[in-house]
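Shown next: work.cif, given as mmCIF, C-alpha atoms.
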data_data
loop_
_atom_site.group_PDB
_atom_site.id
_atom_site.type_symbol
_atom_site.label_atom_id
_atom_site.label_comp_id
_atom_site.auth_asym_id
_atom_site.auth_seq_id
_atom_site.Cartn_x
_atom_site.Cartn_y
_atom_site.Cartn_z
ATOM 1 C CA MET A 1350 -16.677 69.537 11.660
ATOM 2 C CA ALA A 1351 -19.432 71.470 9.905
ATOM 3 C CA GLU A 1352 -18.933 74.394 12.281
ATOM 4 C CA THR A 1353 -15.209 74.480 11.470
ATOM 5 C CA ASP A 1354 -15.958 74.431 7.755
ATOM 6 C CA ALA A 1355 -18.452 77.267 8.174
ATOM 7 C CA VAL A 1356 -15.920 79.394 10.073
ATOM 8 C CA LEU A 1357 -13.205 78.777 7.484
ATOM 9 C CA GLU A 1358 -15.624 79.545 4.656
ATOM 10 C CA ALA A 1359 -16.650 82.826 6.321
ATOM 11 C CA LEU A 1360 -13.009 83.801 6.853
ATOM 12 C CA SER A 1361 -12.118 83.001 3.251
ATOM 13 C CA LEU A 1362 -14.976 85.229 2.080
ATOM 14 C CA ARG A 1363 -13.731 88.001 4.409
ATOM 15 C CA LYS A 1364 -16.931 87.923 6.433
ATOM 16 C CA PRO A 1365 -16.776 88.833 10.140
ATOM 17 C CA VAL A 1366 -16.771 85.817 12.435
ATOM 18 C CA ALA A 1367 -17.968 86.082 16.024
ATOM 19 C CA SER A 1368 -15.946 83.579 18.018
ATOM 20 C CA LEU A 1369 -14.154 83.395 21.333
ATOM 21 C CA ASP A 1370 -11.652 80.929 19.860
ATOM 22 C CA ALA A 1371 -8.161 82.464 19.913
ATOM 23 C CA MET A 1372 -7.176 80.716 16.690
ATOM 24 C CA VAL A 1373 -10.117 82.237 14.816
ATOM 25 C CA GLY A 1374 -9.025 85.659 16.054
ATOM 26 C CA LEU A 1375 -5.457 84.966 14.940
ATOM 27 C CA LEU A 1376 -6.568 83.840 11.483
ATOM 28 C CA SER A 1377 -8.809 86.881 11.158
ATOM 29 C CA ALA A 1378 -5.948 89.222 12.110
ATOM 30 C CA LEU A 1379 -3.624 87.464 9.649
ATOM 31 C CA ILE A 1380 -6.177 87.867 6.857
ATOM 32 C CA ASP A 1381 -6.497 91.578 7.719
ATOM 33 C CA ASP A 1382 -2.709 91.997 7.595
ATOM 34 C CA VAL A 1383 -2.443 90.256 4.234
ATOM 35 C CA ASP A 1384 -5.333 92.265 2.807
ATOM 36 C CA GLN A 1385 -3.667 95.520 3.905
ATOM 37 C CA GLN A 1386 -0.597 94.633 1.831
ATOM 38 C CA GLY A 1387 -2.710 95.011 -1.305
ATOM 39 C CA PRO A 1388 -2.263 93.339 -4.668
ATOM 40 C CA SER A 1389 1.489 93.981 -4.733
ATOM 41 C CA ALA A 1390 2.058 91.281 -2.134
ATOM 42 C CA SER A 1391 3.147 88.124 -3.876
ATOM 43 C CA ILE A 1392 4.260 84.750 -2.609
ATOM 44 C CA THR A 1393 5.899 83.830 -5.913
ATOM 45 C CA PRO A 1394 9.448 84.935 -6.648
ATOM 46 C CA PRO A 1395 10.137 87.282 -9.561
ATOM 47 C CA THR A 1396 10.721 85.499 -12.852
ATOM 48 C CA ASP A 1397 14.192 87.008 -13.254
ATOM 49 C CA GLN A 1398 15.402 85.481 -9.988
ATOM 50 C CA ARG A 1399 17.785 82.570 -10.497
ATOM 51 C CA ARG A 1400 16.830 79.302 -8.927
ATOM 52 C CA SER A 1401 19.166 76.625 -7.750
ATOM 53 C CA SER A 1402 18.716 73.100 -6.572
ATOM 54 C CA VAL A 1403 20.629 71.048 -4.069
ATOM 55 C CA SER A 1404 20.991 67.308 -4.231
ATOM 56 C CA ILE A 1405 21.859 65.392 -1.101
ATOM 57 C CA THR A 1406 23.172 61.911 -1.667
ATOM 58 C CA PRO A 1407 24.507 59.559 0.984
ATOM 59 C CA SER A 1408 28.266 59.122 1.029
ATOM 60 C CA THR A 1409 29.611 55.672 0.308
#

Turn this file's structure into structure tokens for me.
Amino acid sequence: MAETDAVLEALSLRKPVASLDAMVGLLSALIDDVDQQGPSASITPPTDQRRSSVSITPST
């Protein structure tokens, strides 16, 4: 468990991680892709976008 935490910590700090684990390579590549998008990449929708909600209730 400590090794996993160390790998995740290194990835989060953008440090290179030497590992043969395919998942570590995938996470590293994903981090690189996200970092290349720059600060304009946002996971939150614009504030002017309308939001809607859907309620699902069982029929009686």

Practice problem: Work out how far apart CA of Val1356 (chain A) and CA of Gln1385 (chain A) are and give it in Å to one decimal. | Solution: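 Separation between CA of Val1356 (chain A) and CA of Gln1385 (chain A): 21.2 Å.
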
Exercise. Tell me, in Å to one decimal, how far CA of Lys1364 (chain A) is from CA of Leu1379 (chain A).
Key: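 Straight-line distance from CA of Lys1364 (chain A) to CA of Leu1379 (chain A) works out to 13.7 Å.
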
Exercise. Could you jot down the CA of Glu1352 (chain A) to CA of Ser1368 (chain A) separation for me, Å, one decimal place?
Key: 11.2 Å

Exercise. Name the closest residue to Asp1384 (chain A) among the candidates A:Ala1367, A:Ala1355, A:Ser1408, A:Leu1362; distances are taken between atoms, counting only C-alpha atoms.
Key: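 Selected residue with least distance to Asp1384 (chain A): A:Leu1362.
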
Exercise. Using the chain letters and numbers from the file, give me the residues hit by the PyMOL selection byres ((chain A and resi 1365) around 12), as a PyMOL selection string.
Key: chain A and resi 1355-1364+1366-1368+1373-1374+1376-1378+1380-1381

Would you kindly place N, CA, C and O atoms on region 1354-1374 of chain A and return the model as a compact mmCIF listing (two decimals), in the frame of the given file?
# COMPACT_ATOMS: atom_id res chain seq x y z
N ASP A 1354 -15.87 74.10 9.17
CA ASP A 1354 -15.96 74.43 7.76
C ASP A 1354 -16.67 75.76 7.54
O ASP A 1354 -16.26 76.56 6.69
N ALA A 1355 -17.70 76.01 8.30
CA ALA A 1355 -18.45 77.27 8.17
C ALA A 1355 -17.59 78.46 8.57
O ALA A 1355 -17.62 79.50 7.91
N VAL A 1356 -16.80 78.30 9.63
CA VAL A 1356 -15.92 79.39 10.07
C VAL A 1356 -14.85 79.66 9.01
O VAL A 1356 -14.60 80.81 8.65
N LEU A 1357 -14.23 78.61 8.51
CA LEU A 1357 -13.20 78.78 7.48
C LEU A 1357 -13.77 79.39 6.21
O LEU A 1357 -13.13 80.22 5.56
N GLU A 1358 -14.97 78.98 5.84
CA GLU A 1358 -15.62 79.54 4.66
C GLU A 1358 -15.88 81.04 4.85
O GLU A 1358 -15.63 81.85 3.96
N ALA A 1359 -16.38 81.41 6.04
CA ALA A 1359 -16.65 82.83 6.32
C ALA A 1359 -15.36 83.64 6.29
O ALA A 1359 -15.32 84.73 5.73
N LEU A 1360 -14.29 83.10 6.88
CA LEU A 1360 -13.01 83.80 6.85
C LEU A 1360 -12.49 83.96 5.43
O LEU A 1360 -11.98 85.02 5.06
N SER A 1361 -12.62 82.93 4.62
CA SER A 1361 -12.12 83.00 3.25
C SER A 1361 -12.89 84.01 2.42
O SER A 1361 -12.35 84.59 1.48
N LEU A 1362 -14.15 84.24 2.79
CA LEU A 1362 -14.98 85.23 2.08
C LEU A 1362 -14.87 86.62 2.71
O LEU A 1362 -15.56 87.54 2.31
N ARG A 1363 -13.99 86.73 3.71
CA ARG A 1363 -13.73 88.00 4.41
C ARG A 1363 -14.96 88.50 5.17
O ARG A 1363 -15.16 89.69 5.34
N LYS A 1364 -15.77 87.57 5.63
CA LYS A 1364 -16.93 87.92 6.43
C LYS A 1364 -16.52 87.94 7.90
O LYS A 1364 -15.67 87.15 8.32
N PRO A 1365 -17.11 88.82 8.71
CA PRO A 1365 -16.78 88.83 10.14
C PRO A 1365 -17.25 87.55 10.81
O PRO A 1365 -18.31 87.02 10.48
N VAL A 1366 -16.44 87.05 11.72
CA VAL A 1366 -16.77 85.82 12.44
C VAL A 1366 -16.75 86.12 13.93
O VAL A 1366 -15.73 86.57 14.46
N ALA A 1367 -17.87 85.89 14.58
CA ALA A 1367 -17.97 86.08 16.02
C ALA A 1367 -17.58 84.77 16.70
O ALA A 1367 -18.28 83.78 16.59
N SER A 1368 -16.41 84.79 17.35
CA SER A 1368 -15.95 83.58 18.02
C SER A 1368 -15.02 83.96 19.16
O SER A 1368 -14.28 84.94 19.07
N LEU A 1369 -15.06 83.19 20.21
CA LEU A 1369 -14.15 83.40 21.33
C LEU A 1369 -12.88 82.58 21.17
O LEU A 1369 -11.96 82.69 21.99
N ASP A 1370 -12.81 81.77 20.12
CA ASP A 1370 -11.65 80.93 19.86
C ASP A 1370 -10.45 81.81 19.47
O ASP A 1370 -10.53 82.61 18.53
N ALA A 1371 -9.36 81.65 20.17
CA ALA A 1371 -8.16 82.46 19.91
C ALA A 1371 -7.61 82.23 18.51
O ALA A 1371 -7.11 83.16 17.87
N MET A 1372 -7.70 81.01 18.01
CA MET A 1372 -7.18 80.72 16.69
C MET A 1372 -7.98 81.42 15.59
O MET A 1372 -7.42 81.89 14.61
N VAL A 1373 -9.28 81.52 15.78
CA VAL A 1373 -10.12 82.24 14.82
C VAL A 1373 -9.73 83.71 14.80
O VAL A 1373 -9.61 84.33 13.74
N GLY A 1374 -9.47 84.27 15.97
CA GLY A 1374 -9.02 85.66 16.05
C GLY A 1374 -7.67 85.86 15.38
O GLY A 1374 -7.45 86.85 14.69
